[in-house]
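**Q** Below is one structure. I have some questions about it.
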Amino acid sequence: MNSKNEEKLIIQIIKYMPALFVIILAVIGISYITINYHKELKKEQSTIKREYIDIHKNRIKINIETINRYIQDTLKDSEKQLQEELHHKINAVYNIAMNIYEKNKDTLSKEEILKHIKEAIETLRYANGTGYFSIHYMNGINILQPISKDFEGKSVLNRKDAKGNYPVQEAIKIAKTKGEGALTWYYFKPNNKTKHYKKIGIIKRFEPYNLILTTAMFEDDLQNEIKKDILKHLKMMEYEDQGYLFILDTKGNVILTKDDIPVIQYEKSTLMEKFKIFVNSKKINEFVNYSFDDSRKEYSKISYLQKINTMDWVIGTGFDLDKVNASIQKKSQESQEKFYKKSIFFLTSTIIISLILFILSLYFSKFLGKKFYLYKKQLLKQENEKANNYKQTIISLVDLIEQRDFYTAGHSYRVAEYAVTIAKAMNFSSEDVSMLRQIGLLHDIGKTAIPDSILLKPGKLTKQEFDIIKSHATLGYEIISKIPMFKEFSEIILYHHERFDGSGYPKGLKGNQIPILASILAIADAFDAMTSSRIYNQTKTAQEALDELKRNAGILFDPNVIEIALKTLKKIDIQVDKYQTQLPNTPIEKERFAYFFKDPLTKLSNENYLELLFKQNLHQYKCINLIIIRNFSSYNENYGWKKGDELLIYISNLIKDNSIAKEIFRFQGTNFILLNDLHIDINLSNINKELEKYKINCELRHFDINKYSSIEILKEALAKH
């Protein structure tokens, strides 16, 4: 389609678009109303159901908590009443014993009186025969035990109950300190010797013969009586909305329910399954949803369960959801009527507006046509200017990167070319290839925000420093994404250090999560890093770099991209000069490296720089002249460190003024190294003459670098001076 036809099409679109837009808007509007209607209806239904459930949940919870408090208060009051009853009983027995004693103390012996007391008390029983009275001496000797005659005449002082306590010792303690009191212990029932039960007892001291009178009742006997009273009371209670209370024991047996509800209803419902889970859990109370059916219909209910641990009961009550469904149905009918009214009004309004806009569009389209042609000319002019600005911006940003990170000079251009080569081989569109070229040029823009102390560090980075270096991907993304013309490919810069196995940064993406262009860029970046001369690593040949890429296929790099990259990058001719150096050369570059390579006191090069030069190429220099300063430590001791520093600066200036050297280094604190690419004789006479007044002298050691095969051997020789 030629440009004229395109323009006619645009004019036709302008003419009919308003009416078409209104029609589309009407369809969207009705669809929106329909969707919104169903959404609001569901929301209202959900709200009605939630409010109904919340209100009734709160109601049944309050009912159960009220019943629980009633049960607990009843148990508490009953135990108190039991203690009072036991007090009355022990006092009655005490009075019997005291009457026998008072009547016979002057005529009968102690043994005879005790015999009469035992005979009077032994047969006394209460609580269906489980309640009785016993007598002990204060030393623990039992003289009356109606249930277990074997204990009579024996000491039970050290006899333990089921919990490991000593009830007789406790009784003696109470008798001695208070005279009368209550205590609890665990013992057999007369008719059951297999299980211990908790007993609540009262003891009273009988002063004439220093005896202890004791009586007690089993707690569960008391609870059985209390349970009967509680169940009788609860069964007579009435509940709101024809609700009812049900009680089950911890085994699931029904203890109390509504008269007209058969027990089998609980067994067939899903309540029992959830009941068992609740009983075995650590929860004290819980809401449960369950269902059951009878011959008429299925019921859905919500119940609130509460454990009564002291009685092995679970009490509960609930409500069904029939009423909430009726409320929802009524609300749905009201909402449907509103929906129909809205739809008719909206459709009528849309038709009227469409007719008006269609008439106006016929007149307005002519006016827009003229404006369109004028705008087209202006747009073409702006696009040309934008394209020129775009290119210039990229060039300026790349120059900024190169100047900021000078020892990786050319890296951005090479990465861009390698990435483009791979992308073309993978049949990417010309637009994607063009974008990738720009990404490659700008992928390290984030390094402009990294401090020199980290960016230019020649040695191994610390973890913290490496984390800062890694931030260049995020920093680059933040810089580029704020420039409108670059925003579309800013995420590729963000992800160009992600790795196929998820070990990369900054997001830890893996596999297909990584954009394909970012995977291409990562391979191009790694290939150039390995084949370029870097101050911090050993340069690889192109083949060595390709072998490394192949080894990491499926680990660090996308194996599909690697397969094509190995074929395309193999064709690139890379001439690697292993002795090429990227050490600072210009004064500005050296100043940026001063943090690493300059001695802060003398402003000479430091030992780090000396070692780095040798690592780059040990034999690029011929000789080392080591100047050893003697007696300097004595000067420091006599005049102090500040004077010593001033003298060391003076000596370094003497050496610079009286020596010829490519580089001068401060070495091991007070010594100096002169490095030359030719063998040069050094005369120290002038320097020693100047230092005589300080009682300091210099000695010279000469080293032929060609005699040393490695830097380690050379360092050992220098250290032996």
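Residue numbering restarts at 1 for every chain of the structure tokens, chains are lettered A, B, ... in their displayed order, and ligands are numbered from 1 as they appear.
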Near segment 144-157 of chain A, counting only C-alpha atoms, which residues have an atom at most 6 Å away, once you skip same-chain residues fewer than 5 positions from it, shown as a PyMOL selection string?
**A** chain A and resi 122+134-135+168-169
**Q** Based on the selection just made, write N, CA, C and O atoms of those residues as a short mmCIF file (atom, residue, chain, number, x, y, z; two decimals), in the first residue's frame.
**A**
data_model
loop_
_atom_site.label_atom_id
_atom_site.label_comp_id
_atom_site.auth_asym_id
_atom_site.auth_seq_id
_atom_site.Cartn_x
_atom_site.Cartn_y
_atom_site.Cartn_z
N GLU A 122 -15.26 -47.68 112.91
CA GLU A 122 -14.93 -48.59 111.82
C GLU A 122 -16.09 -48.86 110.87
O GLU A 122 -15.93 -48.97 109.67
N SER A 134 -10.27 -43.31 108.89
CA SER A 134 -9.07 -44.04 109.31
C SER A 134 -8.37 -43.26 110.40
O SER A 134 -8.60 -42.05 110.59
N ILE A 135 -7.47 -43.97 111.14
CA ILE A 135 -6.76 -43.35 112.27
C ILE A 135 -5.28 -43.70 112.16
O ILE A 135 -4.91 -44.86 111.89
N VAL A 168 0.65 -39.34 103.95
CA VAL A 168 0.66 -39.46 105.41
C VAL A 168 1.57 -38.41 106.02
O VAL A 168 1.24 -37.78 107.03
N GLN A 169 2.74 -38.21 105.40
CA GLN A 169 3.65 -37.17 105.89
C GLN A 169 3.00 -35.79 105.80
O GLN A 169 3.14 -34.96 106.70
#
**Q** Tell me, as number ranges by chain, which residues lie within 12 Å of Met272 of chain A, counting only C-alpha atoms; anything in the same chain fewer than 6 positions away does not count.
**A** A: 248-254, 263-266, 278-279, 288-292, 303, 305, 314
**Q** Can you spit out the residues from that selection as a CSV table (one decimal), in the first residue's frame, using N, CA, C and O atoms?
**A**
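Saved to out12.csv:
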chain,number,residue,atom,x,y,z
A,248,LEU,N,-20.9,-34.7,73.8
A,248,LEU,CA,-20.3,-36.0,73.5
A,248,LEU,C,-19.1,-36.2,74.4
A,248,LEU,O,-18.5,-35.2,74.9
A,249,ASP,N,-18.8,-37.4,74.7
A,249,ASP,CA,-17.6,-37.7,75.5
A,249,ASP,C,-16.4,-37.7,74.5
A,249,ASP,O,-16.6,-37.7,73.3
A,250,THR,N,-15.2,-37.8,75.0
A,250,THR,CA,-14.0,-37.8,74.1
A,250,THR,C,-13.9,-39.0,73.1
A,250,THR,O,-13.1,-39.0,72.2
A,251,LYS,N,-14.7,-40.0,73.4
A,251,LYS,CA,-14.7,-41.2,72.5
A,251,LYS,C,-15.8,-41.0,71.4
A,251,LYS,O,-15.9,-41.9,70.5
A,252,GLY,N,-16.6,-40.0,71.5
A,252,GLY,CA,-17.6,-39.7,70.5
A,252,GLY,C,-19.0,-40.3,70.9
A,252,GLY,O,-19.9,-40.2,70.1
A,253,ASN,N,-19.2,-40.8,72.1
A,253,ASN,CA,-20.5,-41.2,72.5
A,253,ASN,C,-21.3,-40.0,72.9
A,253,ASN,O,-20.9,-39.1,73.5
A,254,VAL,N,-22.6,-40.0,72.4
A,254,VAL,CA,-23.5,-38.9,72.6
A,254,VAL,C,-24.0,-39.0,74.1
A,254,VAL,O,-24.6,-40.0,74.5
A,263,VAL,N,-29.4,-40.6,67.7
A,263,VAL,CA,-27.9,-40.6,67.8
A,263,VAL,C,-27.3,-41.0,66.5
A,263,VAL,O,-26.2,-40.5,66.2
A,264,ILE,N,-28.0,-41.8,65.7
A,264,ILE,CA,-27.4,-42.2,64.4
A,264,ILE,C,-27.1,-41.0,63.5
A,264,ILE,O,-26.3,-41.1,62.6
A,265,GLN,N,-27.8,-39.9,63.7
A,265,GLN,CA,-27.6,-38.7,62.8
A,265,GLN,C,-26.2,-38.2,63.0
A,265,GLN,O,-25.6,-37.7,62.1
A,266,TYR,N,-25.7,-38.2,64.2
A,266,TYR,CA,-24.3,-37.8,64.4
A,266,TYR,C,-23.3,-38.7,63.8
A,266,TYR,O,-22.3,-38.3,63.2
A,278,PHE,N,-10.5,-32.8,66.2
A,278,PHE,CA,-10.5,-31.7,67.2
A,278,PHE,C,-10.1,-32.3,68.6
A,278,PHE,O,-9.3,-31.7,69.3
A,279,VAL,N,-10.7,-33.5,68.9
A,279,VAL,CA,-10.4,-34.1,70.2
A,279,VAL,C,-8.9,-34.4,70.4
A,279,VAL,O,-8.3,-34.2,71.4
A,288,VAL,N,-16.6,-25.8,63.5
A,288,VAL,CA,-16.5,-26.8,62.4
A,288,VAL,C,-17.7,-26.7,61.5
A,288,VAL,O,-18.9,-26.5,61.9
A,289,ASN,N,-17.5,-26.9,60.2
A,289,ASN,CA,-18.6,-27.0,59.2
A,289,ASN,C,-18.8,-28.5,58.9
A,289,ASN,O,-17.8,-29.2,58.7
A,290,TYR,N,-20.1,-28.9,58.9
A,290,TYR,CA,-20.4,-30.3,58.6
A,290,TYR,C,-21.8,-30.4,58.0
A,290,TYR,O,-22.5,-29.4,57.9
A,291,SER,N,-22.1,-31.5,57.5
A,291,SER,CA,-23.4,-31.7,56.8
A,291,SER,C,-23.9,-33.1,57.2
A,291,SER,O,-23.2,-34.0,57.6
A,292,PHE,N,-25.2,-33.2,57.1
A,292,PHE,CA,-25.9,-34.5,57.2
A,292,PHE,C,-27.2,-34.5,56.5
A,292,PHE,O,-27.7,-33.4,56.1
A,303,SER,N,-21.0,-25.6,63.7
A,303,SER,CA,-21.1,-25.8,65.2
A,303,SER,C,-19.9,-25.2,65.8
A,303,SER,O,-18.8,-25.2,65.2
A,305,LEU,N,-17.5,-26.1,69.1
A,305,LEU,CA,-17.1,-27.1,70.0
A,305,LEU,C,-16.2,-26.5,71.1
A,305,LEU,O,-15.3,-25.7,70.8
A,314,VAL,N,-17.1,-32.8,75.5
A,314,VAL,CA,-17.0,-31.8,74.4
A,314,VAL,C,-18.5,-31.3,74.3
A,314,VAL,O,-19.4,-32.1,73.9
**Q** Point out the residue among A:Met98, A:Gln72, A:Gln668, A:Tyr639 with the least atom-to-atom distance to Leu114 of chain A, counting only C-alpha atoms.
**A**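 Nearest to Leu114 of chain A: A:Met98.
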**Q** List the spatial neighbours of Gln81 of chain A as a list in words - criterion: any atom at most 12 Å away, only C-alpha atoms, same-chain residues fewer than 6 positions off excluded.
**A**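 These residues fall inside the cut-off: Thr74, Leu75, His87, His88, Ile200, Leu222 and Ile226 of chain A.
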**Q** Could you write out that same residue set with all heavy atoms as an mmCIF file, in the first residue's frame?
**A**
data_model
loop_
_atom_site.group_PDB
_atom_site.id
_atom_site.type_symbol
_atom_site.label_atom_id
_atom_site.label_comp_id
_atom_site.auth_asym_id
_atom_site.auth_seq_id
_atom_site.Cartn_x
_atom_site.Cartn_y
_atom_site.Cartn_z
ATOM 1 N N THR A 74 -20.040 -24.650 88.713
ATOM 2 C CA THR A 74 -20.695 -25.744 89.432
ATOM 3 C C THR A 74 -19.670 -26.709 90.010
ATOM 4 O O THR A 74 -19.769 -27.131 91.172
ATOM 5 C CB THR A 74 -21.648 -26.504 88.488
ATOM 6 O OG1 THR A 74 -22.609 -25.589 87.957
ATOM 7 C CG2 THR A 74 -22.371 -27.618 89.232
ATOM 8 N N LEU A 75 -18.654 -27.050 89.194
ATOM 9 C CA LEU A 75 -17.598 -27.937 89.681
ATOM 10 C C LEU A 75 -16.841 -27.322 90.849
ATOM 11 O O LEU A 75 -16.544 -27.988 91.840
ATOM 12 C CB LEU A 75 -16.623 -28.254 88.541
ATOM 13 C CG LEU A 75 -17.126 -29.194 87.445
ATOM 14 C CD1 LEU A 75 -16.110 -29.257 86.315
ATOM 15 C CD2 LEU A 75 -17.388 -30.582 88.000
ATOM 16 N N HIS A 87 -15.621 -31.776 106.342
ATOM 17 C CA HIS A 87 -15.313 -31.148 107.630
ATOM 18 C C HIS A 87 -16.368 -31.532 108.675
ATOM 19 O O HIS A 87 -16.035 -31.865 109.829
ATOM 20 C CB HIS A 87 -15.272 -29.625 107.479
ATOM 21 C CG HIS A 87 -13.926 -29.103 107.087
ATOM 22 N ND1 HIS A 87 -12.831 -29.109 107.928
ATOM 23 C CD2 HIS A 87 -13.489 -28.550 105.924
ATOM 24 C CE1 HIS A 87 -11.795 -28.588 107.325
ATOM 25 N NE2 HIS A 87 -12.158 -28.238 106.088
ATOM 26 N N HIS A 88 -17.637 -31.480 108.252
ATOM 27 C CA HIS A 88 -18.712 -31.857 109.182
ATOM 28 C C HIS A 88 -18.564 -33.311 109.620
ATOM 29 O O HIS A 88 -18.741 -33.642 110.808
ATOM 30 C CB HIS A 88 -20.076 -31.652 108.526
ATOM 31 C CG HIS A 88 -20.432 -30.216 108.306
ATOM 32 N ND1 HIS A 88 -20.308 -29.250 109.294
ATOM 33 C CD2 HIS A 88 -20.905 -29.553 107.207
ATOM 34 C CE1 HIS A 88 -20.685 -28.080 108.830
ATOM 35 N NE2 HIS A 88 -21.047 -28.231 107.541
ATOM 36 N N ILE A 200 -10.110 -36.456 97.705
ATOM 37 C CA ILE A 200 -10.102 -35.184 98.420
ATOM 38 C C ILE A 200 -10.385 -35.527 99.877
ATOM 39 O O ILE A 200 -11.437 -36.102 100.201
ATOM 40 C CB ILE A 200 -11.160 -34.224 97.871
ATOM 41 C CG1 ILE A 200 -10.873 -33.957 96.392
ATOM 42 C CG2 ILE A 200 -11.200 -32.938 98.660
ATOM 43 C CD1 ILE A 200 -11.953 -33.166 95.703
ATOM 44 N N LEU A 222 -17.663 -37.769 93.134
ATOM 45 C CA LEU A 222 -18.297 -36.457 93.258
ATOM 46 C C LEU A 222 -18.724 -35.939 91.892
ATOM 47 O O LEU A 222 -19.838 -35.441 91.706
ATOM 48 C CB LEU A 222 -17.321 -35.475 93.914
ATOM 49 C CG LEU A 222 -17.748 -34.001 93.918
ATOM 50 C CD1 LEU A 222 -18.982 -33.811 94.783
ATOM 51 C CD2 LEU A 222 -16.608 -33.125 94.402
ATOM 52 N N ILE A 226 -22.239 -34.653 90.152
ATOM 53 C CA ILE A 226 -22.337 -33.297 89.597
ATOM 54 C C ILE A 226 -22.779 -33.355 88.138
ATOM 55 O O ILE A 226 -23.603 -32.557 87.676
ATOM 56 C CB ILE A 226 -20.987 -32.569 89.723
ATOM 57 C CG1 ILE A 226 -20.644 -32.360 91.194
ATOM 58 C CG2 ILE A 226 -21.028 -31.221 89.003
ATOM 59 C CD1 ILE A 226 -19.241 -31.860 91.418
#
**Q** Contacts of Lys118 of chain A at 12 Å or less, counting only C-alpha atoms, minus same-chain residues fewer than 5 places along, as a list of chain:residue names?
**A**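 Final neighbour list, sorted by chain and number: A:Val93, A:Tyr94, A:Ile96, A:Ala97, A:Ile100, A:Tyr101, A:Glu111, A:Glu112, A:Ile113, A:Thr123, A:Leu124, A:Phe133, A:Ser134, A:Ile135, A:His136, A:Asn142, A:Ile143, A:Leu144, A:Gln145, A:Pro146, A:Glu152, A:Leu213.
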**Q** Would you work out the distance separating atom CA of Arg205 of chain A from atom CA of Glu180 of chain A, expressed in Å to one decimal?
**A**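 The value is 6.3 Å.
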**Q** Within 6 Å of segment 183-187 of chain A, counting only C-alpha atoms, which residues show up once you throw out same-chain ones fewer than 4 positions away? Write them as a list of chain:residue names, please.
**A**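 Here the answer would be A:Asp161, A:Ala162, A:His196, A:Tyr197, A:Lys198, A:Lys199, A:Ile200, A:Gly201.
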**Q** Skipping near chain neighbours, those fewer than 6 positions away, what residues fall within 10 Å of His56 of chain A using only C-alpha atoms, listed as an MDAnalysis selection string?
**A** chainID A and resid 50 62 302:303 318:320
**Q** Residues as selected, all heavy atoms, written as a short mmCIF file (atom, residue, chain, number, x, y, z; two decimals), in the first residue's frame, can you do that?
**A**
data_model
loop_
_atom_site.label_atom_id
_atom_site.label_comp_id
_atom_site.auth_asym_id
_atom_site.auth_seq_id
_atom_site.Cartn_x
_atom_site.Cartn_y
_atom_site.Cartn_z
N ARG A 50 -21.56 -13.93 54.90
CA ARG A 50 -20.52 -13.70 55.91
C ARG A 50 -21.11 -13.07 57.18
O ARG A 50 -20.80 -13.48 58.31
CB ARG A 50 -19.42 -12.81 55.34
CG ARG A 50 -18.24 -12.61 56.29
CD ARG A 50 -17.13 -11.80 55.68
NE ARG A 50 -17.54 -10.44 55.38
CZ ARG A 50 -17.78 -9.98 54.16
NH1 ARG A 50 -17.65 -10.78 53.11
NH2 ARG A 50 -18.14 -8.72 53.96
N ILE A 62 -20.98 -17.44 72.36
CA ILE A 62 -21.35 -16.87 73.66
C ILE A 62 -22.15 -17.89 74.46
O ILE A 62 -21.95 -18.07 75.67
CB ILE A 62 -22.15 -15.56 73.46
CG1 ILE A 62 -21.24 -14.47 72.89
CG2 ILE A 62 -22.78 -15.10 74.77
CD1 ILE A 62 -21.97 -13.21 72.48
N ILE A 302 -23.01 -25.23 60.92
CA ILE A 302 -21.76 -24.77 61.55
C ILE A 302 -21.95 -24.91 63.05
O ILE A 302 -22.95 -24.43 63.60
CB ILE A 302 -21.44 -23.31 61.20
CG1 ILE A 302 -21.16 -23.17 59.70
CG2 ILE A 302 -20.23 -22.82 61.99
CD1 ILE A 302 -20.90 -21.74 59.25
N SER A 303 -21.03 -25.58 63.72
CA SER A 303 -21.12 -25.76 65.17
C SER A 303 -19.86 -25.24 65.83
O SER A 303 -18.78 -25.19 65.22
CB SER A 303 -21.32 -27.23 65.52
OG SER A 303 -22.62 -27.65 65.18
N GLY A 318 -24.97 -25.36 67.35
CA GLY A 318 -24.73 -24.87 66.00
C GLY A 318 -25.95 -24.24 65.38
O GLY A 318 -26.97 -24.01 66.05
N PHE A 319 -25.83 -23.95 64.11
CA PHE A 319 -26.94 -23.37 63.35
C PHE A 319 -26.83 -23.85 61.91
O PHE A 319 -25.73 -24.20 61.44
CB PHE A 319 -26.93 -21.84 63.42
CG PHE A 319 -25.69 -21.21 62.84
CD1 PHE A 319 -25.64 -20.80 61.52
CD2 PHE A 319 -24.55 -21.02 63.63
CE1 PHE A 319 -24.51 -20.23 60.99
CE2 PHE A 319 -23.41 -20.44 63.11
CZ PHE A 319 -23.39 -20.04 61.79
N ASP A 320 -27.94 -23.87 61.17
CA ASP A 320 -27.89 -24.30 59.77
C ASP A 320 -27.90 -23.08 58.86
O ASP A 320 -28.12 -21.95 59.31
CB ASP A 320 -29.05 -25.25 59.44
CG ASP A 320 -30.41 -24.61 59.66
OD1 ASP A 320 -30.61 -23.51 59.14
OD2 ASP A 320 -31.26 -25.21 60.35
#
**Q** Using only C-alpha atoms, which of the listed residues (A:Val415, A:Ala553, A:Ile624, A:Ala92) sits closest to Ala526 of chain A?
**A**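 Looking only at the distances to Ala526 of chain A, the closest residue turns out to be A:Val415.
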**Q** Using DSSP on the backbone, list every residue of segment 4-200 of chain A that comes out as helix (DSSP H, G or I), and give them as a PyMOL selection string.
**A** chain A and resi 4-104+110-122+149-151+167-177
**Q** Given the selection you just returned, output its residues as a file containing C-alpha atoms, formatted as a CSV table (one decimal), in the first residue's frame.
**A**
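Contents of again06.csv, freshly written:
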chain,number,residue,atom,x,y,z
A,4,LYS,CA,-1.5,8.1,-0.6
A,5,ASN,CA,-3.7,5.1,0.0
A,6,GLU,CA,-2.4,5.0,3.6
A,7,GLU,CA,-3.4,8.7,4.0
A,8,LYS,CA,-6.9,8.0,2.6
A,9,LEU,CA,-7.4,5.1,5.0
A,10,ILE,CA,-6.4,7.4,7.9
A,11,ILE,CA,-9.0,10.0,6.8
A,12,GLN,CA,-11.7,7.4,6.5
A,13,ILE,CA,-10.8,6.2,10.0
A,14,ILE,CA,-11.1,9.8,11.3
A,15,LYS,CA,-14.5,10.1,9.6
A,16,TYR,CA,-16.1,7.0,11.0
A,17,MET,CA,-14.1,6.4,14.1
A,18,PRO,CA,-16.2,8.5,16.5
A,19,ALA,CA,-19.5,6.6,15.7
A,20,LEU,CA,-17.6,3.3,15.7
A,21,PHE,CA,-16.0,4.3,19.0
A,22,VAL,CA,-19.4,5.0,20.6
A,23,ILE,CA,-20.8,1.6,19.4
A,24,ILE,CA,-17.7,-0.2,20.7
A,25,LEU,CA,-18.1,1.8,23.9
A,26,ALA,CA,-21.7,0.8,24.2
A,27,VAL,CA,-20.8,-2.9,23.8
A,28,ILE,CA,-18.0,-2.5,26.4
A,29,GLY,CA,-20.4,-0.6,28.7
A,30,ILE,CA,-23.1,-3.2,28.6
A,31,SER,CA,-20.5,-5.9,29.0
A,32,TYR,CA,-19.1,-4.0,31.9
A,33,ILE,CA,-22.5,-3.6,33.5
A,34,THR,CA,-23.2,-7.3,33.1
A,35,ILE,CA,-19.9,-8.3,34.5
A,36,ASN,CA,-20.2,-5.8,37.3
A,37,TYR,CA,-23.7,-6.9,38.0
A,38,HIS,CA,-22.6,-10.5,38.5
A,39,LYS,CA,-19.6,-9.4,40.5
A,40,GLU,CA,-21.7,-7.2,42.8
A,41,LEU,CA,-24.3,-9.9,43.1
A,42,LYS,CA,-21.7,-12.4,44.2
A,43,LYS,CA,-20.2,-9.8,46.5
A,44,GLU,CA,-23.6,-9.1,48.1
A,45,GLN,CA,-24.3,-12.8,48.4
A,46,SER,CA,-20.9,-13.2,50.0
A,47,THR,CA,-21.5,-10.3,52.4
A,48,ILE,CA,-24.9,-11.5,53.4
A,49,LYS,CA,-23.6,-15.0,54.0
A,50,ARG,CA,-20.5,-13.7,55.9
A,51,GLU,CA,-22.6,-11.4,58.1
A,52,TYR,CA,-25.2,-14.1,58.8
A,53,ILE,CA,-22.4,-16.6,59.7
A,54,ASP,CA,-20.5,-14.1,61.8
A,55,ILE,CA,-23.6,-13.1,63.9
A,56,HIS,CA,-24.6,-16.6,64.5
A,57,LYS,CA,-21.0,-17.8,65.2
A,58,ASN,CA,-20.8,-15.1,67.8
A,59,ARG,CA,-24.1,-16.1,69.3
A,60,ILE,CA,-23.4,-19.8,69.6
A,61,LYS,CA,-19.9,-19.1,70.9
A,62,ILE,CA,-21.3,-16.9,73.7
A,63,ASN,CA,-23.9,-19.6,74.5
A,64,ILE,CA,-21.2,-22.3,74.8
A,65,GLU,CA,-18.9,-20.1,76.8
A,66,THR,CA,-21.8,-19.3,79.2
A,67,ILE,CA,-22.5,-23.0,79.6
A,68,ASN,CA,-18.8,-23.7,80.1
A,69,ARG,CA,-18.7,-21.0,82.9
A,70,TYR,CA,-21.8,-22.6,84.5
A,71,ILE,CA,-20.1,-26.0,84.4
A,72,GLN,CA,-16.8,-24.7,85.8
A,73,ASP,CA,-18.6,-22.7,88.5
A,74,THR,CA,-20.7,-25.7,89.4
A,75,LEU,CA,-17.6,-27.9,89.7
A,76,LYS,CA,-15.8,-25.3,91.7
A,77,ASP,CA,-18.7,-24.9,94.1
A,78,SER,CA,-19.3,-28.6,94.4
A,79,GLU,CA,-15.7,-29.3,95.5
A,80,LYS,CA,-16.0,-26.5,98.1
A,81,GLN,CA,-19.3,-28.0,99.3
A,82,LEU,CA,-17.6,-31.5,99.4
A,83,GLN,CA,-14.8,-30.1,101.6
A,84,GLU,CA,-17.3,-28.5,103.9
A,85,GLU,CA,-19.3,-31.8,104.1
A,86,LEU,CA,-16.1,-33.7,104.9
A,87,HIS,CA,-15.3,-31.1,107.6
A,88,HIS,CA,-18.7,-31.9,109.2
A,89,LYS,CA,-18.1,-35.6,109.0
A,90,ILE,CA,-14.6,-35.5,110.5
A,91,ASN,CA,-15.9,-33.2,113.3
A,92,ALA,CA,-18.7,-35.7,114.0
A,93,VAL,CA,-16.3,-38.6,114.3
A,94,TYR,CA,-14.0,-36.4,116.4
A,95,ASN,CA,-16.9,-35.7,118.7
A,96,ILE,CA,-17.7,-39.4,119.0
A,97,ALA,CA,-14.0,-40.2,119.8
A,98,MET,CA,-13.9,-37.3,122.4
A,99,ASN,CA,-17.1,-38.5,124.1
A,100,ILE,CA,-15.7,-42.0,124.4
A,101,TYR,CA,-12.5,-40.6,125.8
A,102,GLU,CA,-14.2,-38.2,128.3
A,103,LYS,CA,-16.5,-40.9,129.7
A,104,ASN,CA,-13.8,-43.5,130.1
A,110,LYS,CA,-5.7,-46.1,126.8
A,111,GLU,CA,-5.8,-49.4,124.9
A,112,GLU,CA,-9.4,-50.1,126.0
A,113,ILE,CA,-10.5,-46.6,125.1
A,114,LEU,CA,-8.8,-46.8,121.6
A,115,LYS,CA,-10.6,-50.1,121.1
A,116,HIS,CA,-14.0,-48.5,121.8
A,117,ILE,CA,-13.2,-45.6,119.5
A,118,LYS,CA,-12.2,-47.9,116.6
A,119,GLU,CA,-15.3,-50.1,117.1
A,120,ALA,CA,-17.5,-47.0,117.0
A,121,ILE,CA,-15.8,-45.5,113.9
A,122,GLU,CA,-14.9,-48.6,111.8
A,149,LYS,CA,-6.7,-54.2,107.2
A,150,ASP,CA,-3.2,-55.2,106.2
A,151,PHE,CA,-2.0,-51.7,106.9
A,167,PRO,CA,0.1,-38.2,101.8
A,168,VAL,CA,0.7,-39.5,105.4
A,169,GLN,CA,3.6,-37.2,105.9
A,170,GLU,CA,1.6,-34.3,104.5
A,171,ALA,CA,-1.3,-35.2,106.9
A,172,ILE,CA,1.2,-35.2,109.9
A,173,LYS,CA,2.5,-31.8,108.9
A,174,ILE,CA,-1.0,-30.3,108.7
A,175,ALA,CA,-1.9,-31.9,112.1
A,176,LYS,CA,1.2,-30.5,113.8
A,177,THR,CA,0.9,-27.0,112.3
**Q** Which is closer to Ser490 of chain A than all the others in A:Thr474, A:Thr462, A:Thr214, A:Asn608, using only C-alpha atoms?
**A** A:Thr474
**Q** Between A:Ser300, A:Thr350, A:Gln543, A:Thr257, which residue has the minimum interatomic distance to Lys232 of chain A, considering only C-alpha atoms?
**A**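 Of A:Ser300, A:Thr350, A:Gln543, A:Thr257, the one nearest Lys232 of chain A is A:Thr257, counting only C-alpha atoms.
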**Q** Using Å and a single decimal, report how far atom CA of Ile629 of chain A sits from atom CA of Cys698 of chain A.
**A**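 Spanning atom CA of Cys698 of chain A to atom CA of Ile629 of chain A is a straight-line distance of 4.7 Å.
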**Q** Go ahead and compute the interatomic distance for atom CA of Asp599 of chain A and atom CA of Ile651 of chain A, in Å to one decimal.
**A**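 Those two atoms sit 14.1 Å apart.
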